[in-house]
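Shown next: data.cif, given as mmCIF, C-alpha atoms.
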data_coords
#
loop_
_atom_site.label_atom_id
_atom_site.label_comp_id
_atom_site.auth_asym_id
_atom_site.auth_seq_id
_atom_site.Cartn_x
_atom_site.Cartn_y
_atom_site.Cartn_z
CA MET A 8 -10.76 24.92 10.21
CA GLN A 9 -14.29 24.29 8.98
CA ILE A 10 -14.52 20.75 7.60
CA THR A 11 -17.46 19.82 5.40
CA LEU A 12 -17.97 16.19 4.45
CA THR A 13 -20.57 14.18 2.58
CA ILE A 14 -21.47 11.34 4.92
CA ASN A 15 -24.10 8.76 4.04
CA GLY A 16 -25.40 11.16 1.41
CA GLU A 17 -25.76 14.08 3.81
CA THR A 18 -23.61 17.18 4.02
CA ARG A 19 -22.18 17.55 7.51
CA SER A 20 -19.94 20.35 8.70
CA ALA A 21 -18.02 21.07 11.89
CA GLU A 22 -15.12 23.12 13.16
CA ALA A 23 -12.03 21.02 13.92
CA GLU A 24 -8.26 21.26 14.04
CA PRO A 25 -6.48 20.25 10.81
CA ARG A 26 -4.86 17.36 12.69
CA THR A 27 -8.24 15.80 13.47
CA LEU A 28 -8.37 12.25 12.19
CA LEU A 29 -11.45 11.16 10.29
CA VAL A 30 -12.38 8.59 12.96
CA HIS A 31 -12.45 11.24 15.69
CA PHE A 32 -14.24 13.75 13.48
CA LEU A 33 -17.00 11.20 12.88
CA ARG A 34 -17.28 10.11 16.49
CA ASP A 35 -16.57 13.25 18.49
CA HIS A 36 -17.66 16.07 16.20
CA LEU A 37 -20.59 14.47 14.41
CA ASP A 38 -21.67 11.92 17.04
CA LEU A 39 -21.49 9.11 14.51
CA THR A 40 -20.18 6.59 17.01
CA GLY A 41 -20.89 3.53 14.89
CA THR A 42 -17.36 3.82 13.52
CA HIS A 43 -15.17 2.24 16.15
CA TRP A 44 -11.83 3.50 17.27
CA GLY A 45 -9.39 0.68 17.91
CA CYS A 46 -5.64 0.45 17.67
CA ASP A 47 -4.81 3.95 16.36
CA THR A 48 -2.06 2.44 14.21
CA SER A 49 -3.89 1.28 11.04
CA ASN A 50 -3.52 -2.35 12.09
CA CYS A 51 -6.88 -3.45 13.49
CA GLY A 52 -9.38 -2.09 10.98
CA ALA A 53 -12.11 -1.35 13.53
CA CYS A 54 -12.30 2.19 12.10
CA VAL A 55 -12.88 1.19 8.47
CA VAL A 56 -15.29 3.42 6.59
CA LEU A 57 -15.90 3.64 2.85
CA VAL A 58 -14.35 6.55 0.97
CA ASP A 59 -15.83 6.73 -2.52
CA GLY A 60 -16.89 3.13 -2.01
CA GLU A 61 -13.48 1.79 -0.96
CA PRO A 62 -12.61 0.58 2.56
CA VAL A 63 -10.21 2.96 4.30
CA LYS A 64 -8.84 3.04 7.84
CA SER A 65 -10.23 6.29 9.21
CA CYS A 66 -7.59 6.50 11.97
CA THR A 67 -4.99 7.13 9.28
CA MET A 68 -6.80 9.73 7.23
CA LEU A 69 -7.28 13.34 8.23
CA ALA A 70 -10.88 14.52 8.23
CA ALA A 71 -9.72 17.37 6.00
CA MET A 72 -8.48 14.86 3.43
CA ALA A 73 -12.01 13.48 3.14
CA GLU A 74 -13.53 16.73 1.88
CA GLY A 75 -15.02 16.28 -1.56
CA HIS A 76 -15.35 12.51 -1.16
CA GLU A 77 -18.36 10.33 -0.39
CA ILE A 78 -18.02 8.77 3.06
CA THR A 79 -20.15 5.82 4.08
CA THR A 80 -20.25 4.74 7.71
CA VAL A 81 -22.16 1.87 9.28
CA GLU A 82 -25.00 4.30 10.01
CA GLY A 83 -25.48 4.55 6.25
CA LEU A 84 -25.96 0.85 5.57
CA ALA A 85 -29.62 0.46 6.51
CA ARG A 86 -32.09 2.22 4.20
CA ASP A 87 -35.55 3.36 5.30
CA GLY A 88 -35.46 1.12 8.35
CA GLU A 89 -34.49 -1.94 6.27
CA LEU A 90 -31.23 -3.61 7.14
CA ASP A 91 -28.70 -3.97 4.35
CA PRO A 92 -28.40 -7.64 3.33
CA VAL A 93 -24.90 -7.59 4.83
CA GLN A 94 -26.32 -6.54 8.19
CA GLN A 95 -29.02 -9.17 7.91
CA GLY A 96 -26.32 -11.73 7.07
CA PHE A 97 -24.33 -10.89 10.21
CA PHE A 98 -27.57 -11.29 12.20
CA GLU A 99 -28.57 -14.59 10.58
CA GLU A 100 -25.14 -16.21 10.68
CA HIS A 101 -23.99 -14.89 14.06
CA GLY A 102 -21.25 -12.86 12.37
CA LEU A 103 -20.46 -11.04 15.59
CA GLN A 104 -19.70 -11.82 19.19
CA CYS A 105 -18.50 -8.67 20.96
CA GLY A 106 -19.34 -6.52 17.93
CA PHE A 107 -16.32 -4.25 18.04
CA CYS A 108 -15.02 -5.14 14.59
CA THR A 109 -18.51 -5.46 13.10
CA PRO A 110 -19.05 -1.98 11.58
CA GLY A 111 -15.77 -2.15 9.68
CA MET A 112 -16.32 -5.76 8.67
CA MET A 113 -19.79 -4.98 7.30
CA LEU A 114 -18.57 -1.98 5.32
CA THR A 115 -15.77 -4.01 3.76
CA ALA A 116 -18.31 -6.72 2.96
CA ARG A 117 -20.58 -4.13 1.34
CA ALA A 118 -17.69 -2.81 -0.80
CA LEU A 119 -16.68 -6.34 -1.78
CA LEU A 120 -20.20 -7.34 -2.83
CA ASN A 121 -20.62 -4.16 -4.84
CA GLU A 122 -17.61 -5.17 -6.92
CA ASN A 123 -17.94 -8.91 -6.76
CA PRO A 124 -21.49 -10.11 -6.07
CA ASP A 125 -20.46 -13.76 -5.73
CA PRO A 126 -17.17 -13.87 -3.82
CA SER A 127 -15.52 -17.15 -2.84
CA GLU A 128 -14.52 -17.83 0.75
CA GLU A 129 -10.93 -17.03 -0.23
CA GLU A 130 -11.93 -13.69 -1.77
CA ILE A 131 -13.89 -12.77 1.35
CA ARG A 132 -10.94 -13.67 3.56
CA VAL A 133 -8.59 -11.54 1.46
CA ALA A 134 -11.04 -8.62 1.55
CA ILE A 135 -11.23 -8.64 5.38
CA SER A 136 -7.53 -9.41 5.84
CA GLY A 137 -6.81 -5.88 7.07
CA GLN A 138 -9.33 -6.18 9.88
CA ILE A 139 -9.01 -8.09 13.09
CA CYS A 140 -11.82 -9.91 14.90
CA ARG A 141 -10.40 -10.40 18.36
CA CYS A 142 -13.18 -12.90 19.13
CA THR A 143 -11.70 -14.83 16.18
CA GLY A 144 -15.16 -15.20 14.68
CA TYR A 145 -13.91 -15.26 11.11
CA THR A 146 -15.77 -18.39 10.09
CA ASN A 147 -19.12 -16.83 10.87
CA ILE A 148 -18.10 -13.50 9.34
CA VAL A 149 -17.36 -15.32 6.08
CA LYS A 150 -20.71 -17.13 6.33
CA ALA A 151 -22.45 -13.80 6.95
CA VAL A 152 -20.98 -12.29 3.81
CA ARG A 153 -21.92 -15.39 1.82
CA TRP A 154 -25.45 -15.12 3.23
CA ALA A 155 -25.68 -11.58 1.94
CA ALA A 156 -24.26 -12.58 -1.45
CA GLU A 157 -26.76 -15.38 -1.82
CA HIS A 158 -29.72 -13.28 -0.77
CA GLU A 159 -28.80 -10.34 -2.96
CA ALA A 160 -28.42 -12.62 -5.94
CA GLY A 161 -31.79 -14.19 -5.24
CA THR A 162 -30.19 -17.61 -5.27
CA ALA A 163 -30.71 -18.30 -1.60
CA THR A 164 -31.10 -21.85 -0.49
CA THR A 165 -33.82 -22.62 2.00
CA GLY A 166 -32.86 -23.27 5.58
CA GLU A 167 -33.30 -27.00 5.15
CA GLU A 168 -31.06 -27.14 2.09
CA ALA A 169 -28.40 -25.14 3.89
CA ILE A 170 -28.39 -27.59 6.77
CA ALA A 171 -28.28 -30.56 4.42
CA MET B 16 -5.29 8.75 21.72
CA GLN B 17 -2.60 9.20 19.09
CA VAL B 18 -2.92 12.33 17.01
CA PRO B 19 -0.31 14.35 15.16
CA ALA B 20 1.11 17.55 16.62
CA PRO B 21 -0.63 20.67 15.33
CA PHE B 22 0.13 21.78 11.78
CA GLU B 23 -1.33 24.03 9.13
CA TYR B 24 -3.18 22.25 6.35
CA ALA B 25 -3.10 23.20 2.68
CA ARG B 26 -4.45 21.46 -0.36
CA ALA B 27 -2.87 21.46 -3.80
CA SER B 28 -5.01 21.03 -6.87
CA SER B 29 -2.15 20.70 -9.37
CA VAL B 30 1.51 19.71 -9.39
CA ASP B 31 2.48 23.32 -10.06
CA GLU B 32 0.45 24.48 -7.09
CA ALA B 33 2.03 21.82 -4.86
CA ILE B 34 5.51 23.00 -5.84
CA GLU B 35 4.50 26.63 -5.32
CA LEU B 36 3.18 25.82 -1.85
CA LEU B 37 6.37 23.91 -0.97
CA GLU B 38 8.42 26.92 -2.03
CA ARG B 39 6.28 29.40 -0.18
CA LEU B 40 5.89 27.39 3.03
CA GLY B 41 9.53 26.36 3.25
CA PRO B 42 11.43 23.27 4.37
CA ASP B 43 9.09 22.58 7.33
CA SER B 44 6.33 21.72 4.90
CA ARG B 45 5.66 18.19 3.75
CA LEU B 46 3.51 16.67 1.05
CA VAL B 47 1.02 14.04 2.15
CA ALA B 48 -0.28 11.52 -0.37
CA GLY B 49 -1.92 8.38 1.06
CA GLY B 50 -0.60 9.31 4.47
CA HIS B 51 -0.17 5.74 5.65
CA SER B 52 3.51 6.20 6.44
CA LEU B 53 3.61 9.91 7.25
CA LEU B 54 0.57 10.13 9.55
CA PRO B 55 1.76 7.25 11.78
CA MET B 56 5.17 8.96 12.00
CA MET B 57 3.47 12.24 12.89
CA LYS B 58 1.44 10.50 15.60
CA LEU B 59 4.69 9.26 17.10
CA ARG B 60 6.31 12.71 16.71
CA LEU B 61 8.97 11.17 14.47
CA ALA B 62 7.83 13.73 11.91
CA THR B 63 6.55 17.17 12.91
CA PRO B 64 5.94 19.22 9.78
CA GLU B 65 4.55 22.69 10.36
CA HIS B 66 2.63 22.61 7.11
CA LEU B 67 1.04 19.62 5.50
CA ILE B 68 0.22 19.91 1.81
CA ASP B 69 -2.44 17.42 0.78
CA ILE B 70 -1.86 16.23 -2.78
CA ASN B 71 -4.77 13.80 -2.94
CA PRO B 72 -6.55 16.11 -5.38
CA LEU B 73 -3.74 15.11 -7.80
CA ALA B 74 -4.95 11.51 -7.80
CA GLY B 75 -6.30 12.17 -11.30
CA GLU B 76 -3.32 14.08 -12.69
CA LEU B 77 -0.74 11.68 -11.21
CA GLY B 78 -2.72 8.45 -10.98
CA TYR B 79 -1.98 6.42 -14.10
CA ILE B 80 -0.12 3.40 -15.45
CA GLY B 81 0.72 3.51 -19.15
CA GLU B 82 3.21 2.28 -21.70
CA GLN B 83 5.10 4.86 -23.69
CA GLY B 84 8.45 4.96 -25.49
CA GLY B 85 9.65 1.57 -24.33
CA GLU B 86 8.80 2.28 -20.69
CA VAL B 87 5.93 1.76 -18.36
CA ARG B 88 5.17 5.06 -16.67
CA ILE B 89 3.49 5.08 -13.29
CA GLY B 90 2.17 8.33 -11.87
CA ALA B 91 3.33 9.07 -8.33
CA MET B 92 -0.24 9.13 -6.96
CA THR B 93 -1.00 5.65 -8.26
CA ARG B 94 -2.31 3.72 -5.27
CA HIS B 95 -0.94 0.35 -4.18
CA ARG B 96 -4.22 -1.24 -5.13
CA GLU B 97 -3.88 0.01 -8.70
CA VAL B 98 -0.31 -1.26 -8.92
CA LEU B 99 -1.45 -4.64 -7.57
CA GLU B 100 -4.34 -4.93 -10.00
CA SER B 101 -2.57 -3.65 -13.12
CA ASP B 102 -2.36 -6.38 -15.75
CA LEU B 103 0.10 -4.28 -17.74
CA LEU B 104 2.51 -4.22 -14.79
CA ALA B 105 1.94 -7.89 -14.02
CA ARG B 106 2.72 -8.82 -17.62
CA HIS B 107 5.94 -6.81 -17.88
CA PHE B 108 7.08 -6.82 -14.27
CA PRO B 109 5.57 -9.66 -12.23
CA ILE B 110 7.77 -8.56 -9.31
CA MET B 111 5.34 -5.68 -8.81
CA ARG B 112 2.36 -7.92 -8.08
CA ASP B 113 4.53 -10.27 -5.99
CA ALA B 114 5.51 -7.36 -3.78
CA GLU B 115 2.13 -5.62 -3.67
CA HIS B 116 0.45 -8.79 -2.37
CA THR B 117 2.68 -8.51 0.70
CA ILE B 118 2.29 -4.78 1.34
CA ALA B 119 0.05 -4.09 4.33
CA ASP B 120 -3.60 -4.99 3.67
CA PRO B 121 -6.45 -4.03 1.32
CA PRO B 122 -7.69 -0.86 3.11
CA VAL B 123 -4.12 0.43 3.44
CA ARG B 124 -3.44 -0.37 -0.23
CA ASN B 125 -6.52 1.66 -1.13
CA ARG B 126 -4.75 4.77 0.17
CA GLY B 127 -0.98 4.32 -0.01
CA THR B 128 0.74 5.44 -3.22
CA ILE B 129 3.86 4.36 -5.08
CA GLY B 130 5.26 7.89 -4.89
CA GLY B 131 4.64 8.10 -1.17
CA ALA B 132 6.25 4.72 -0.57
CA LEU B 133 9.39 5.63 -2.53
CA CYS B 134 9.70 9.09 -0.95
CA GLN B 135 9.27 7.67 2.53
CA ALA B 136 12.43 5.65 1.80
CA ASP B 137 11.85 3.41 4.77
CA PRO B 138 14.67 0.84 4.84
CA SER B 139 12.04 -1.91 5.06
CA GLU B 140 9.81 -0.57 2.33
CA ASP B 141 9.19 -2.94 -0.57
CA LEU B 142 8.71 -0.83 -3.69
CA SER B 143 12.14 0.78 -3.40
CA ALA B 144 13.72 -2.64 -3.78
CA VAL B 145 11.29 -3.53 -6.58
CA CYS B 146 12.08 -0.35 -8.54
CA ALA B 147 15.81 -0.73 -7.91
CA ALA B 148 15.82 -4.33 -9.15
CA LEU B 149 13.95 -3.24 -12.29
CA LYS B 150 16.46 -0.39 -12.79
CA ALA B 151 13.63 2.10 -12.84
CA ASN B 152 14.07 5.84 -13.04
CA VAL B 153 12.05 8.44 -11.24
CA VAL B 154 11.04 11.90 -12.41
CA ILE B 155 11.46 14.73 -9.91
CA ARG B 156 9.86 18.05 -10.67
CA GLY B 157 10.67 21.46 -9.25
CA ARG B 158 10.09 25.00 -10.41
CA GLY B 159 13.06 24.79 -12.75
CA GLY B 160 11.67 21.75 -14.55
CA GLU B 161 12.10 18.02 -14.37
CA ARG B 162 15.05 15.75 -13.77
CA VAL B 163 15.25 12.01 -14.15
CA VAL B 164 17.32 10.02 -11.67
CA ASP B 165 17.93 6.31 -11.26
CA MET B 166 17.07 4.46 -8.08
CA VAL B 167 20.65 4.35 -6.85
CA ALA B 168 20.84 8.13 -6.91
CA PHE B 169 17.25 8.51 -5.69
CA HIS B 170 17.18 6.27 -2.64
CA ARG B 171 19.67 7.78 -0.20
CA GLY B 172 17.80 6.29 2.75
CA PRO B 173 16.96 5.87 5.53
CA TYR B 174 14.03 8.26 5.09
CA GLU B 175 16.06 10.33 2.68
CA THR B 176 15.84 10.67 -1.09
CA ALA B 177 17.16 12.86 -3.86
CA VAL B 178 13.94 14.90 -3.77
CA GLY B 179 14.95 18.36 -2.59
CA ASP B 180 13.00 21.11 -0.87
CA ALA B 181 10.30 22.46 -3.16
CA GLU B 182 10.50 19.41 -5.37
CA MET B 183 8.24 16.43 -5.78
CA LEU B 184 8.38 12.99 -7.28
CA VAL B 185 5.88 12.87 -10.12
CA GLU B 186 6.51 9.65 -12.02
CA VAL B 187 8.25 6.28 -11.99
CA ARG B 188 9.55 4.98 -15.30
CA VAL B 189 10.35 1.32 -15.73
CA PRO B 190 12.14 0.28 -18.92
CA VAL B 191 10.52 -2.57 -20.82
CA ARG B 192 13.24 -4.92 -22.03
CA ALA B 193 12.99 -8.14 -24.00
CA HIS B 194 13.49 -11.60 -22.50
CA GLY B 195 13.15 -10.35 -18.95
CA GLY B 196 11.72 -11.89 -15.80
CA SER B 197 11.42 -10.63 -12.25
CA ALA B 198 10.28 -11.79 -8.82
CA TYR B 199 10.01 -10.68 -5.19
CA GLU B 200 10.46 -12.84 -2.11
CA LYS B 201 9.71 -11.62 1.38
CA VAL B 202 9.60 -13.05 4.86
CA GLU B 203 7.44 -11.21 7.37
CA ARG B 204 6.37 -12.18 10.87
CA ARG B 205 2.69 -11.93 10.02
CA ALA B 206 0.74 -11.13 6.87
CA GLY B 207 1.03 -7.50 5.86
CA ASP B 208 3.88 -6.67 8.22
CA TRP B 209 7.14 -5.00 7.31
CA ALA B 210 9.75 -7.40 5.96
CA VAL B 211 12.16 -9.21 8.23
CA ALA B 212 14.07 -9.38 4.97
CA ALA B 213 13.05 -9.30 1.32
CA ALA B 214 14.75 -9.67 -2.05
CA GLY B 215 13.80 -8.46 -5.48
CA ALA B 216 15.44 -9.82 -8.61
CA ALA B 217 15.20 -9.10 -12.32
CA LEU B 218 17.02 -10.92 -15.09
CA TRP B 219 17.30 -10.16 -18.77
CA LEU B 220 18.54 -12.94 -21.04
CA ASP B 221 20.48 -12.83 -24.27
CA GLY B 222 20.27 -16.29 -25.78
CA ALA B 223 21.40 -18.75 -23.13
CA ASP B 224 23.15 -16.19 -20.94
CA VAL B 225 22.22 -13.46 -18.50
CA ALA B 226 22.65 -10.13 -20.27
CA ASP B 227 21.79 -8.00 -17.27
CA ALA B 228 20.59 -8.48 -13.73
CA GLY B 229 19.02 -6.36 -11.02
CA ILE B 230 19.09 -7.47 -7.39
CA ALA B 231 17.85 -5.35 -4.51
CA LEU B 232 17.18 -6.13 -0.87
CA SER B 233 14.80 -4.63 1.64
CA ALA B 234 15.10 -4.38 5.43
CA VAL B 235 18.76 -5.41 5.58
CA ASN B 236 20.49 -2.14 4.66
CA PRO B 237 20.29 1.32 6.23
CA SER B 238 20.56 2.93 2.82
CA GLY B 239 20.94 1.82 -0.74
CA VAL B 240 19.20 -1.30 -1.89
CA ARG B 241 20.99 -2.57 -5.01
CA CYS B 242 23.50 -5.41 -4.79
CA GLU B 243 25.90 -4.61 -7.60
CA ARG B 244 28.52 -7.25 -6.87
CA ALA B 245 25.85 -9.95 -6.93
CA GLU B 246 24.46 -8.56 -10.18
CA GLN B 247 27.88 -8.56 -11.82
CA ALA B 248 28.41 -12.19 -10.82
CA LEU B 249 25.49 -13.22 -13.04
CA ILE B 250 26.20 -11.29 -16.20
CA GLY B 251 27.50 -13.36 -19.09
CA ARG B 252 26.73 -16.64 -17.36
CA PRO B 253 23.85 -19.05 -17.94
CA PRO B 254 21.01 -18.62 -15.43
CA SER B 255 21.99 -21.70 -13.43
CA GLU B 256 21.49 -22.75 -9.83
CA GLU B 257 25.22 -22.42 -9.36
CA ALA B 258 25.26 -18.83 -10.58
CA PHE B 259 22.25 -17.95 -8.42
CA ALA B 260 23.91 -19.46 -5.34
CA GLU B 261 27.02 -17.40 -5.97
CA ALA B 262 25.03 -14.18 -6.47
CA ALA B 263 22.94 -14.89 -3.36
CA ARG B 264 26.09 -15.45 -1.31
CA LEU B 265 27.49 -12.10 -2.48
CA ALA B 266 24.21 -10.28 -1.82
CA ALA B 267 24.17 -11.64 1.74
CA GLU B 268 27.83 -10.79 2.25
CA ASP B 269 27.30 -7.18 1.14
CA CYS B 270 24.21 -6.37 3.17
CA GLU B 271 24.28 -4.79 6.63
CA PRO B 272 21.36 -6.11 8.68
CA ILE B 273 20.90 -5.03 12.28
CA ALA B 274 19.36 -7.02 15.11
CA ASP B 275 15.95 -5.78 16.19
CA GLN B 276 12.58 -7.15 17.31
CA ARG B 277 12.20 -8.80 13.91
CA GLY B 278 15.28 -10.97 14.23
CA SER B 279 19.02 -11.22 14.69
CA ALA B 280 21.47 -9.88 12.14
CA GLU B 281 22.58 -13.44 11.46
CA TYR B 282 19.04 -14.60 10.73
CA LYS B 283 18.39 -11.66 8.43
CA ARG B 284 21.62 -12.32 6.55
CA HIS B 285 20.57 -15.93 6.14
CA LEU B 286 17.20 -14.74 4.79
CA ALA B 287 18.89 -12.30 2.42
CA GLN B 288 20.84 -15.15 0.89
CA GLU B 289 17.96 -17.61 0.66
CA LEU B 290 15.45 -15.04 -0.61
CA THR B 291 17.86 -13.70 -3.23
CA HIS B 292 18.36 -17.24 -4.45
CA ARG B 293 14.63 -17.92 -4.64
CA ALA B 294 13.88 -14.59 -6.32
CA LEU B 295 16.55 -15.25 -8.95
CA ARG B 296 15.22 -18.73 -9.59
CA ARG B 297 11.67 -17.45 -10.13
CA ALA B 298 12.84 -14.48 -12.18
CA ALA B 299 14.73 -16.85 -14.48
CA GLU B 300 11.72 -19.14 -14.86
CA ARG B 301 9.64 -16.15 -15.87
CA ALA B 302 12.32 -14.81 -18.23
CA LEU B 303 12.57 -18.19 -19.96
CA ALA B 304 8.77 -18.32 -20.31
CA SER B 305 8.55 -14.78 -21.71
#

Spell out the structure here as C-alpha cells.
Amino acid sequence: MQITLTINGETRSAEAEPRTLLVHFLRDHLDLTGTHWGCDTSNCGACVVLVDGEPVKSCTMLAAMAEGHEITTVEGLARDGELDPVQQGFFEEHGLQCGFCTPGMMLTARALLNENPDPSEEEIRVAISGQICRCTGYTNIVKAVRWAAEHEAGTATTGEEAIA
Amino acid sequence: MQVPAPFEYARASSVDEAIELLERLGPDSRLVAGGHSLLPMMKLRLATPEHLIDINPLAGELGYIGEQGGEVRIGAMTRHREVLESDLLARHFPIMRDAEHTIADPPVRNRGTIGGALCQADPSEDLSAVCAALKANVVIRGRGGERVVDMVAFHRGPYETAVGDAEMLVEVRVPVRAHGGSAYEKVERRAGDWAVAAAGAALWLDGADVADAGIALSAVNPSGVRCERAEQALIGRPPSEEAFAEAARLAAEDCEPIADQRGSAEYKRHLAQELTHRALRRAAERALAS
C-alpha cells in the first residue's frame, strides 16, 4: 500500500506492506536512520518518535497507523542548522556515551519540556522511564534535560555558579 | 527482525463503519486500537488476523471520560495516559490511578487504550481487575444495537471476552457510589512489567459497616478475576484488620496461580493474600476519608 506520512513537517510517501512497522518505514523506506531500532518488543525505547507531540515506540505502531498524524524524528529537532536546546544539553552535559538511546531520549525530553518547561529530576526520570540507557548514563541524561530547561527558560546559571 | 505476518489493512472512521467492516471481513478480522498488546502477539504469531481494522480514527468519538447518570463513562479509545491523568477518575476511583502508574511506561501509555486492554483479556492485565473490583459494566455494540454486561460476564479469559464477532466494546461504565474507597496493589519484577500478582479492592460503607465489597486479582487466575467468597466475608462487618485478613485468606484460597518465570504458585498465592489485605486496608482508609 502507499503510505503517506507527515514527518518533521514534510510530506513523505512510499510503497510498503501494511505490516511495515513505523520504525522500519522510517529507516528502510525513507532513509531516516536517526530513529534507532532496538529490542523489537516495546521495552527499550530506542525507537521512540513523537506522534502528535507524544513519545511513542515506533516498533509497536504500524506505519499505516501514523497516516494523518504529525511525526517528529530526531532529524527534526535541529532547526536551520541550530541544535535544539535538548541536543545542546546532551552535548554540554555528556548525556550520551554509545549514543544508541540518544535519539529517543532527546525526543522524550523535547516532549516533556514542551509540556513542563521546568521539570524536576523526578519528573524527568518518570518521563524517560520507558527508555533504557544500556550505558546506564541516566545521571547525565537528567542533567542534559535540566540544562535544556534552564537555557530555554533563560535562567541559566553561569559555568562558575554551576560548579559552585 | 520481528514483524507481523502479512494482513490486509483497513481503517474505520466511525463505530458503525468498524462494525460494518468486521461483518464484511469475517471472523479472521481484528480491531486494533493502541496495538501494544496485539502487535507484539502478531509478531510472535500468537495472533494472525487476515484483516486488521485500525480504529485509531475513533480516538475522538470514543476517547472521553465523563460523569453521567450516577456513572463515570469512559470511552473505549481512552488511552492509558488519559486514565492516569484524569482527576475525575482519581477522585471517584483512586484504584484507577494506582493501577495506571504500574502499567508499562509513558510511551506505551500514550498508545494503549482501556478498551484494548479489557478486550485483550490477558490474565495478567491490570484494568480487568480494576473494573471488576469497581463492579463496572461495559457496553458492547453490534449491528443490532448495544448491550451492557458486567465484568464477570465480560471477562471470560484468557484472551477471551463476551465481545462476539462483528461486535466491539465501546464504553466502560463505572457506578459512582457514596462512601466508597478503592485501591490497587501490585508486585512486578521490574517497573512496568506484567504483575507477578496484583489485587484490586473496592469497599462501600454504610455507617460503621461494609455495605458492599469488590475484590479482584490479576495474574493468578486463568479466567475470571472477581473473588466473590472474599467479598461476601466482608459485607455487614466493620472494616477491620480481622475482616481484611479473613477476606485475603479466602481470596488466596480461591485463586489458581501457576508456576512460571515470574514465580512459583506458592509465592503467587502468598502475594495474592498479602496484596488483597493491603488493597483492602487502603481502600478502607480512602472510604473513611471520603

Per residue of chain A within 7 Å of chain B, record the nearest atom pair and its distance in Å to one decimal, counting all atoms listed in the file, with rows in chain order and ascending residue number, as a tab-separated table.
residue	atom	partner	partner_atom	distance
A:Pro25	CA	B:Tyr24	CA	5.9
A:Arg26	CA	B:Pro21	CA	6.0
A:Asp47	CA	B:Gln17	CA	6.3
A:Thr48	CA	B:Pro55	CA	6.6
A:Glu61	CA	B:Asn125	CA	7.0
A:Pro62	CA	B:Pro122	CA	5.2
A:Val63	CA	B:Pro122	CA	4.7
A:Lys64	CA	B:Pro122	CA	6.2
A:Thr67	CA	B:His51	CA	6.2
A:Met68	CA	B:Gly50	CA	6.8
A:Ala134	CA	B:Pro121	CA	6.5
A:Ser136	CA	B:Asp120	CA	6.3
A:Gly137	CA	B:Asp120	CA	4.8

For CA of Gly127 in chain B and CA of Tyr79 in chain B, determine how far apart the two atoms are, in Å to one decimal place.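 Computed distance, CA of Gly127 in chain B to CA of Tyr79 in chain B, equals 14.3 Å.
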
Edge lengths and centre, in Å to one decimal, as AutoDock Vina command-line options: that's what I need for the box along x, y and z that holds all listed atoms of range 88-93 of chain A plus 8 Å on each side.
--center_x -30.2 --center_y -3.3 --center_z 5.8 --size_x 26.6 --size_y 24.8 --size_z 21.0

Could you list, as JSON, numbers by chain, every residue within 6 Å of Ala245 in chain B, counting all atoms listed in the file and ignoring same-chain residues fewer than 3 positions away? {"B": [242, 248, 262, 265, 266]}

So that I can check the surroundings of range 77-83 of chain A, please list as an MDAnalysis selection string every protein, DNA and RNA residue that reaches within 10 Å of it, counting only C-alpha atoms and ignoring chain neighbours fewer than 5 positions away. chainID A and resid 12:18 33 39:43 54:63 91 94 109:114

Write out as a count of residues only which residues come within 9 Å of range 284-291 of chain B when counting all atoms listed in the file, dropping same-chain ones fewer than 3 positions away. 33

For a cutoff of 10 Å around the file-coordinate point (-5.5, 15.2, -8.2), which residues qualify once you count all atoms listed in the file? I'd like the result as a PyMOL selection string. chain B and resi 27-30+69-78+92

Excluding range 172-182 of chain B and residues on its chain fewer than 2 positions from it, collect all residues at most 6 Å away from it, counting all atoms listed in the file, and give them as a VMD selection string. chain B and resid 34 37 to 38 42 135 to 138 156 to 157 169 to 170 237 to 238

Can you tell me how far CA of Ile80 in chain B sits from CA of Asp31 in chain B, in Å to one decimal?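 Here the two named atoms are 20.8 Å from each other.
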
Residues picked by the PyMOL selection byres ((chain B and resi 147-150) around 9) here, as a PyMOL selection string? chain B and resi 108+110+142-146+151-152+165-167+170+189-190+197+214-218+228-232+240-242

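In this comparison, which uses only C-alpha atoms, the residue of B:His292, B:Leu40, B:Asp227, B:Glu97 approaching Arg192 in chain B most closely is B:Asp227.
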
Filled-in N, CA and C atoms of range 156-165 of chain B, supplied as a PDB file, in the coordinates of the input:
ATOM      1  N   ARG B 156      10.163  16.752 -10.089  1.00  0.00           N
ATOM      2  CA  ARG B 156       9.860  18.050 -10.670  1.00  0.00           C
ATOM      3  C   ARG B 156      10.000  19.165  -9.635  1.00  0.00           C
ATOM      4  N   GLY B 157      10.590  20.251 -10.070  1.00  0.00           N
ATOM      5  CA  GLY B 157      10.670  21.460  -9.250  1.00  0.00           C
ATOM      6  C   GLY B 157      10.306  22.637 -10.129  1.00  0.00           C
ATOM      7  N   ARG B 158      10.491  23.843  -9.608  1.00  0.00           N
ATOM      8  CA  ARG B 158      10.090  25.000 -10.410  1.00  0.00           C
ATOM      9  C   ARG B 158      10.913  25.094 -11.687  1.00  0.00           C
ATOM     10  N   GLY B 159      12.175  24.680 -11.590  1.00  0.00           N
ATOM     11  CA  GLY B 159      13.060  24.790 -12.750  1.00  0.00           C
ATOM     12  C   GLY B 159      12.821  23.711 -13.800  1.00  0.00           C
ATOM     13  N   GLY B 160      11.933  22.791 -13.564  1.00  0.00           N
ATOM     14  CA  GLY B 160      11.670  21.750 -14.550  1.00  0.00           C
ATOM     15  C   GLY B 160      11.847  20.372 -13.936  1.00  0.00           C
ATOM     16  N   GLU B 161      12.053  19.403 -14.820  1.00  0.00           N
ATOM     17  CA  GLU B 161      12.100  18.020 -14.370  1.00  0.00           C
ATOM     18  C   GLU B 161      13.512  17.462 -14.485  1.00  0.00           C
ATOM     19  N   ARG B 162      13.834  16.525 -13.594  1.00  0.00           N
ATOM     20  CA  ARG B 162      15.050  15.750 -13.770  1.00  0.00           C
ATOM     21  C   ARG B 162      14.720  14.287 -13.542  1.00  0.00           C
ATOM     22  N   VAL B 163      15.490  13.442 -14.241  1.00  0.00           N
ATOM     23  CA  VAL B 163      15.250  12.010 -14.150  1.00  0.00           C
ATOM     24  C   VAL B 163      16.452  11.384 -13.458  1.00  0.00           C
ATOM     25  N   VAL B 164      16.208  10.653 -12.381  1.00  0.00           N
ATOM     26  CA  VAL B 164      17.320  10.020 -11.670  1.00  0.00           C
ATOM     27  C   VAL B 164      17.057   8.529 -11.520  1.00  0.00           C
ATOM     28  N   ASP B 165      18.125   7.749 -11.457  1.00  0.00           N
ATOM     29  CA  ASP B 165      17.930   6.310 -11.260  1.00  0.00           C
ATOM     30  C   ASP B 165      17.755   6.025  -9.761  1.00  0.00           C
TER      31      ASP B 165
END
